[in-house]
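S.K.: File model.txt below, compact mmCIF, C-alpha atoms:
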```txt
# COMPACT_ATOMS: atom_id res chain seq x y z
CA MET A 29 -87.51 190.97 145.70
CA ALA A 30 -90.11 188.23 145.85
CA THR A 31 -92.77 188.36 148.52
CA ARG A 32 -91.45 185.77 151.00
CA LYS A 33 -94.41 185.86 153.33
CA PRO A 34 -96.30 182.81 154.65
CA THR A 35 -99.35 181.83 152.66
CA THR A 36 -102.50 182.57 154.62
CA SER A 37 -105.22 179.99 155.27
CA GLY A 38 -107.63 182.07 153.18
CA MET A 39 -105.30 181.96 150.16
CA LYS A 40 -104.85 178.20 150.53
CA LYS A 41 -108.60 177.62 150.74
CA LYS A 42 -109.17 179.65 147.60
CA LEU A 43 -106.56 177.59 145.74
CA ARG A 44 -107.91 174.30 147.10
CA ASP A 45 -111.41 175.19 145.92
CA ALA A 46 -110.08 176.17 142.49
CA PHE A 47 -108.20 172.91 142.00
CA ARG A 48 -111.22 170.92 143.10
CA ALA A 49 -113.43 172.82 140.64
CA HIS A 50 -111.12 172.53 137.63
CA LEU A 51 -109.60 169.09 138.20
CA GLY A 52 -112.47 167.30 139.95
CA VAL A 53 -110.22 166.16 142.80
CA ASP A 54 -111.29 165.70 146.41
CA ARG A 55 -110.43 168.05 149.26
CA LEU A 56 -107.51 165.90 150.48
CA THR A 57 -105.90 165.71 147.03
CA ALA A 58 -106.33 169.46 146.49
CA GLY A 59 -104.62 170.08 149.84
CA GLN A 60 -101.72 167.79 148.96
CA LEU A 61 -101.11 169.66 145.71
CA LEU A 62 -100.53 172.81 147.74
CA ALA A 63 -98.02 171.33 150.18
CA SER A 64 -95.15 173.21 148.53
CA ALA A 65 -97.02 176.54 148.62
CA THR A 66 -96.06 177.58 152.16
CA LEU A 67 -94.85 180.97 150.94
CA GLN A 68 -96.89 183.48 149.00
CA ASP A 69 -94.66 183.66 145.91
CA LYS A 70 -95.03 179.90 145.35
CA ALA A 71 -98.76 180.06 146.06
CA TYR A 72 -98.98 182.83 143.47
CA GLU A 73 -97.44 180.53 140.85
CA LEU A 74 -100.21 178.03 141.52
CA SER A 75 -102.84 180.76 141.30
CA ALA A 76 -101.39 181.55 137.87
CA LEU A 77 -101.78 177.87 136.96
CA VAL A 78 -105.46 178.13 137.87
CA ALA A 79 -105.74 181.32 135.78
CA VAL A 80 -104.25 179.54 132.76
CA MET A 81 -106.83 176.75 133.04
CA GLU A 82 -109.65 179.28 133.37
CA LYS A 83 -108.52 181.28 130.33
CA LEU A 84 -107.99 178.22 128.15
CA LYS A 85 -111.42 176.89 129.11
CA ALA A 86 -113.09 180.25 128.43
CA MET A 87 -111.52 180.38 124.98
CA ARG A 88 -112.21 176.72 124.14
CA PRO A 89 -115.09 175.33 126.25
CA THR A 90 -114.57 171.78 124.95
CA LEU A 91 -111.29 171.45 126.88
CA THR A 92 -111.13 169.19 129.95
CA PHE A 93 -108.39 169.01 132.60
CA THR A 94 -107.21 165.86 134.38
CA LEU A 95 -104.66 165.57 137.18
CA VAL A 96 -102.04 162.90 136.49
CA HIS A 97 -99.54 162.13 139.24
CA GLY A 98 -96.49 160.00 139.86
CA THR A 99 -95.13 159.02 143.26
CA SER A 100 -95.80 162.52 144.61
CA LEU A 101 -99.00 164.54 144.73
CA VAL A 102 -97.15 167.79 145.46
CA PHE A 103 -96.38 170.26 142.69
CA ARG A 104 -92.61 170.61 142.46
CA ALA A 105 -90.93 173.71 143.86
CA LYS A 106 -87.54 173.49 142.14
CA GLY A 107 -86.84 173.50 138.42
CA GLY A 108 -85.80 170.43 136.45
CA PRO A 109 -86.75 168.26 133.48
CA ILE A 110 -90.14 166.63 133.04
CA ASP A 111 -90.28 163.52 135.24
CA ARG A 112 -93.51 161.56 134.92
CA THR A 113 -92.55 159.03 137.57
CA SER A 114 -92.24 161.65 140.33
CA TRP A 115 -94.27 164.80 139.72
CA PRO A 116 -97.91 165.56 138.95
CA TYR A 117 -99.06 167.35 135.81
CA ILE A 118 -102.35 168.36 134.20
CA ARG A 119 -103.43 166.63 131.01
CA ILE A 120 -105.57 168.70 128.64
CA ASP A 121 -108.03 166.94 126.34
CA ASP A 122 -110.28 168.30 123.62
CA ARG A 123 -113.21 166.06 122.67
CA GLY A 124 -111.33 162.96 123.84
CA ARG A 125 -108.00 163.85 122.19
CA THR A 126 -105.03 164.91 124.32
CA VAL A 127 -103.76 168.26 123.07
CA GLY A 128 -101.28 169.32 125.76
CA GLU A 129 -99.86 169.01 129.27
CA LEU A 130 -99.34 171.65 131.96
CA TRP A 131 -96.25 171.30 134.16
CA VAL A 132 -94.84 173.43 136.98
CA ASP A 133 -91.19 174.56 137.33
CA ILE A 134 -89.68 173.01 134.21
CA GLU A 135 -86.33 173.68 132.54
CA CYS A 136 -86.73 174.20 128.78
CA VAL A 137 -83.95 173.88 126.21
CA ALA A 138 -82.91 177.26 124.77
CA ILE A 139 -83.26 177.84 121.04
CA SER A 140 -79.53 178.71 121.01
CA ALA A 141 -78.55 175.34 122.54
CA ASP A 142 -77.76 171.99 120.99
CA PRO A 143 -80.95 169.85 121.08
CA ALA A 144 -78.86 167.18 122.83
CA ALA A 145 -79.26 169.30 125.97
CA LYS A 146 -82.74 167.82 126.24
CA LEU A 147 -81.43 164.71 127.98
CA GLN A 148 -78.03 165.81 129.27
CA PRO A 149 -77.44 165.20 133.00
CA GLY A 150 -76.28 167.79 135.50
CA PRO A 151 -76.49 171.58 135.43
CA LEU A 152 -76.71 173.05 131.92
CA TYR A 153 -76.20 176.72 132.80
CA GLY A 154 -77.15 178.80 129.73
CA LYS A 155 -78.41 175.85 127.69
CA CYS A 156 -81.82 175.84 129.39
CA HIS A 157 -84.12 178.24 131.18
CA GLU A 158 -86.67 177.52 133.90
CA LEU A 159 -90.28 178.58 133.48
CA ASP A 160 -92.81 178.69 136.31
CA ILE A 161 -95.45 176.96 134.19
CA VAL A 162 -95.19 175.31 130.78
CA LEU A 163 -97.73 173.94 128.36
CA VAL A 164 -96.08 171.30 126.20
CA VAL A 165 -97.16 168.92 123.45
CA PRO A 166 -98.39 165.53 124.70
CA ASN A 167 -95.83 162.94 125.81
CA THR A 168 -92.93 165.39 126.00
CA GLY A 169 -90.01 164.04 128.05
CA GLY A 170 -86.87 165.53 129.57
CA ARG A 171 -86.35 169.24 129.01
CA PRO A 172 -88.84 170.48 126.40
CA LEU A 173 -87.37 171.71 123.13
CA PRO A 174 -88.64 174.99 121.62
CA SER A 175 -90.71 172.91 119.18
CA GLU A 176 -92.34 171.09 122.13
CA THR A 177 -93.08 174.19 124.22
CA LEU A 178 -96.47 175.69 123.37
CA LEU A 179 -96.74 178.20 126.19
CA GLY A 180 -94.50 179.52 128.94
CA VAL A 181 -95.84 181.36 131.98
CA GLU A 182 -93.95 183.48 134.50
CA ALA A 183 -95.70 184.47 137.75
CA LYS A 184 -94.28 187.45 139.66
CA HIS A 185 -95.63 188.25 143.12
CA ARG A 186 -93.75 191.54 143.43
CA PRO A 187 -93.65 194.99 141.81
CA PHE A 188 -92.69 194.66 138.15
CA ASN A 189 -89.60 196.60 137.05
CA LYS A 190 -87.09 197.00 134.21
CA ALA A 191 -84.93 194.11 135.45
CA LEU A 192 -87.89 191.72 135.26
CA LEU A 193 -88.71 193.02 131.78
CA LYS A 194 -85.15 192.32 130.61
CA GLU A 195 -85.37 188.82 132.08
CA LEU A 196 -88.67 188.20 130.32
CA LEU A 197 -87.41 189.46 126.96
CA GLY A 198 -84.35 187.24 127.29
CA VAL A 199 -86.47 184.17 127.99
CA ARG A 200 -88.69 184.95 125.02
CA ARG A 201 -85.71 185.25 122.70
CA GLU A 202 -84.57 181.80 123.82
CA MET A 203 -88.03 180.26 123.22
CA THR A 204 -88.67 181.28 119.62
CA MET A 205 -87.62 183.40 116.66
CA ARG A 206 -89.67 186.44 115.82
CA GLY A 207 -91.63 185.74 112.64
CA PRO A 208 -94.31 187.41 110.52
CA LEU A 209 -97.40 188.53 112.40
CA LYS A 210 -99.99 186.07 111.08
CA ALA A 211 -103.46 184.95 112.06
CA HIS A 212 -103.49 181.75 114.10
CA ARG A 213 -104.12 178.41 112.52
CA ALA A 214 -104.30 174.88 113.91
CA PRO A 215 -101.33 174.87 116.34
CA TRP A 216 -102.44 178.05 118.11
CA TRP A 217 -105.38 176.75 120.16
CA PHE A 218 -103.59 177.80 123.38
CA VAL A 219 -103.38 181.55 122.61
CA TRP A 220 -106.25 183.38 124.29
CA TRP A 221 -105.02 187.01 124.31
CA THR A 222 -104.54 187.91 120.65
CA ALA A 223 -105.57 186.88 117.14
CA ARG A 224 -102.01 187.10 115.78
CA LEU A 225 -98.61 186.21 117.20
CA PRO A 226 -95.08 186.65 115.72
CA ALA A 227 -93.35 183.40 116.68
CA ARG A 228 -91.46 180.56 114.95
CA PRO A 229 -91.82 177.86 116.21
CA PRO A 230 -95.36 178.57 117.43
CA SER A 231 -95.33 179.42 121.13
CA GLY A 232 -96.61 181.99 123.56
CA LEU A 233 -95.20 183.63 126.68
CA VAL A 234 -97.39 185.10 129.43
CA ALA A 235 -96.31 187.12 132.45
CA PHE A 236 -98.71 187.42 135.37
CA CYS A 237 -97.92 189.92 138.11
CA SER A 238 -99.72 190.66 141.37
CA SER A 239 -98.76 194.35 141.01
CA ASP A 240 -100.30 196.65 138.42
CA THR A 241 -96.83 198.07 137.74
CA ILE A 242 -96.61 195.43 134.99
CA ASP A 243 -98.93 197.58 132.85
CA LYS A 244 -96.16 200.16 132.40
CA TYR A 245 -93.89 197.75 130.49
CA SER A 246 -96.17 196.36 127.79
CA ASP A 247 -94.74 198.06 124.66
CA PRO A 248 -91.55 195.97 124.14
CA ALA A 249 -93.46 192.87 125.24
CA ASP A 250 -96.05 193.44 122.51
CA TYR A 251 -93.30 193.47 119.88
CA TRP A 252 -92.25 189.94 120.89
CA GLY A 253 -95.77 188.64 121.36
CA ILE A 254 -95.52 188.48 125.16
CA HIS A 255 -98.77 188.88 127.06
CA MET A 256 -98.44 190.96 130.26
CA GLU A 257 -101.32 190.80 132.73
CA HIS A 258 -102.05 192.13 136.20
CA LEU A 259 -103.37 189.13 138.16
CA PRO A 260 -104.23 190.23 141.72
CA PHE A 261 -103.58 187.80 144.56
```
Before we go any further, please render this structure as structure tokens.

M.R.:
Amino acid sequence: MATRKPTTSGMKKKLRDAFRAHLGVDRLTAGQLLASATLQDKAYELSALVAVMEKLKAMRPTLTFTLVHGTSLVFRAKGGPIDRTSWPYIRIDDRGRTVGELWVDIECVAISADPAAKLQPGPLYGKCHELDIVLVVPNTGGRPLPSETLLGVEAKHRPFNKALLKELLGVRREMTMRGPLKAHRAPWWFVWWTARLPARPPSGLVAFCSSDTIDKYSDPADYWGIHMEHLPF
């Protein structure tokens, strides 16, 4: 089960400081972004968002991150399609050119589904899958298609087990087809953990876990190009 404990003031301060450092926002704005993180499992998702920014920046120092918000300054806490009028996101630029956008709690269209699911109203059941964090191509709208999803991130603040592995493998299979293991070229700027990845269309999937039990399940994840990482909280 998820860790449904209240987020401590120390955890919130650490996250506020991280958002201020990476996004250049003031203390009030950083605090507003965390309004949905009253419980530790949600706060852990946002710590994973910070980790993604840090790892992308370390791999490609020319990247810059900008907070873009709609009517709300709070990161969403329930999955749904991309909605630029309501929810904030992080724009990623490289030398003045926008290369991607980071969103929180987004439903992505499954590779097995009709692409028309992208804009269909109402619950779609097996036609889409929610990811804690997604990196998508610029100006993506609605539910991202597999071709628009560059990176998916799952953040687990609990002991990792076989059930979570099965869930992760299922999500990966609905993001991309397994392809030849090739060296990265132009579309792969967002992959920081390996020089080669077996995925068509190009995309990555990362699982962060606050428990080091995740290290026991890396073999099948490696086959599908999933990066598994212990991220303490």

S.K.: Tell me which of A:Glu158, A:Asp121, A:Met87, A:Glu73 sits closest to Lys106 of chain A, counting all atoms listed in the file.

M.R.: A:Glu158

S.K.: Measuring atom to atom with all atoms listed in the file, identify which of A:Gly52, A:Gly98, A:Pro116, A:Pro229 is nearest to Leu173 of chain A.

M.R.: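 Closest candidate: A:Pro229.
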
S.K.: How close does each residue of segment 37-123 of chain A get to segment 176-193 of chain A, giving the shortest atom pair and distance in Å to one decimal for every residue with an atom at most 8 Å away, counting only C-alpha atoms, sorted by chain and residue number, as JSON lines?

M.R.:
```
{"residue": "A:Gln68", "atom": "CA", "partner": "A:His185", "partner_atom": "CA", "distance": 7.7}
{"residue": "A:Asp69", "atom": "CA", "partner": "A:His185", "partner_atom": "CA", "distance": 5.5}
{"residue": "A:Tyr72", "atom": "CA", "partner": "A:His185", "partner_atom": "CA", "distance": 6.4}
{"residue": "A:Glu73", "atom": "CA", "partner": "A:Ala183", "partner_atom": "CA", "distance": 5.3}
{"residue": "A:Ala76", "atom": "CA", "partner": "A:Ala183", "partner_atom": "CA", "distance": 6.4}
```

S.K.: Rank nothing, just name the residue among A:Cys136, A:Leu196, A:Val80, A:Leu91 nearest to Gly169 of chain A, using all atoms listed in the file.

M.R.: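 Looking only at the distances to Gly169 of chain A, the closest residue turns out to be A:Cys136.
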
S.K.: Please identify all polymer residues within 9 Å of segment 38-43 of chain A, counting all atoms listed in the file, omitting same-chain residues fewer than 2 positions from it, and present them as a list in words.

M.R.: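 Using all atoms listed in the file, the neighbours found are Thr35, Thr36, Asp45, Ala46, Phe47, Arg48, Ala58, Gly59, Leu62, Ala65, Thr66, Gln68, Ala71, Leu74, Ser75, Val78 and Phe261 of chain A.
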
S.K.: Work out how far atom CA of Ala86 of chain A is from atom CA of Ser100 of chain A, in Å to one decimal.

M.R.: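 Value for the atom CA of Ser100 of chain A-atom CA of Ala86 of chain A distance: 29.6 Å.
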
S.K.: Can you write out as a tab-separated table which residues of segment 184-257 of chain A fall within 10 Å of segment 140-148 of chain A, alongside each residue's closest atom pair and its distance in Å to one decimal, counting all atoms listed in the file and ordering rows by chain and ascending residue number?

M.R.:
```
residue	atom	partner	partner_atom	distance
A:Arg201	CA	A:Ser140	CA	9.2
A:Glu202	CA	A:Ser140	CA	6.5
A:Met203	CA	A:Ser140	CA	8.9
A:Thr204	CA	A:Ser140	CA	9.6
```

S.K.: Could you jot down the atom CA of Leu77 of chain A to atom CA of Ala49 of chain A separation for me, Å, one decimal place?

M.R.: 13.2 Å

S.K.: Quick one: residues within 10 Å of Ser175 of chain A, all atoms listed in the file counted, chain neighbours fewer than 6 positions away excluded, as a list of chain:residue names?

M.R.: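 Here the answer would be A:Val137, A:Ile139, A:Val164, A:Val165, A:Met203, A:Thr204, A:Arg228, A:Pro229, A:Pro230, A:Ser231.
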
S.K.: For segment 127-131 of chain A, list every protein, DNA or RNA residue within 7 Å, evaluated using only C-alpha atoms, and leave out those in the same chain fewer than 3 positions away; present the list as a list in words.

M.R.: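 My reading of the contact set: Tyr117, Ile118, Arg119, Ile120, Asp121, Asp122, Ile134, Ile161, Val162, Leu163, Val164, Val165 and Pro166 of chain A.
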
S.K.: Please write out, as JSON, where the centre of an axis-aligned box around all listed atoms of segment 163-172 of chain A lies and how long its edges are, in Å to one decimal, after adding 4 Å on each side.

M.R.:
```
{"center_x": -92.4, "center_y": 168.4, "center_z": 126.5, "size_x": 20.0, "size_y": 19.0, "size_z": 14.1}
```

S.K.: What is the atom CA of Ala211 of chain A-atom CA of Pro226 of chain A distance in Å, reported with one decimal?

M.R.: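 Distance between the two atoms: 9.3 Å.
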
S.K.: For Cys237 of chain A, which residue out of A:Pro34, A:Ala79, A:Thr90, A:Arg224 is the nearest one, using all atoms listed in the file?

M.R.: A:Ala79

S.K.: Using all atoms listed in the file, pick whichever of A:Trp220, A:Pro248, A:Arg44, A:Phe236 has the shortest atom-to-atom distance to Arg200 of chain A.

M.R.: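 Using all atoms listed in the file, the shortest distance to Arg200 of chain A belongs to A:Pro248.
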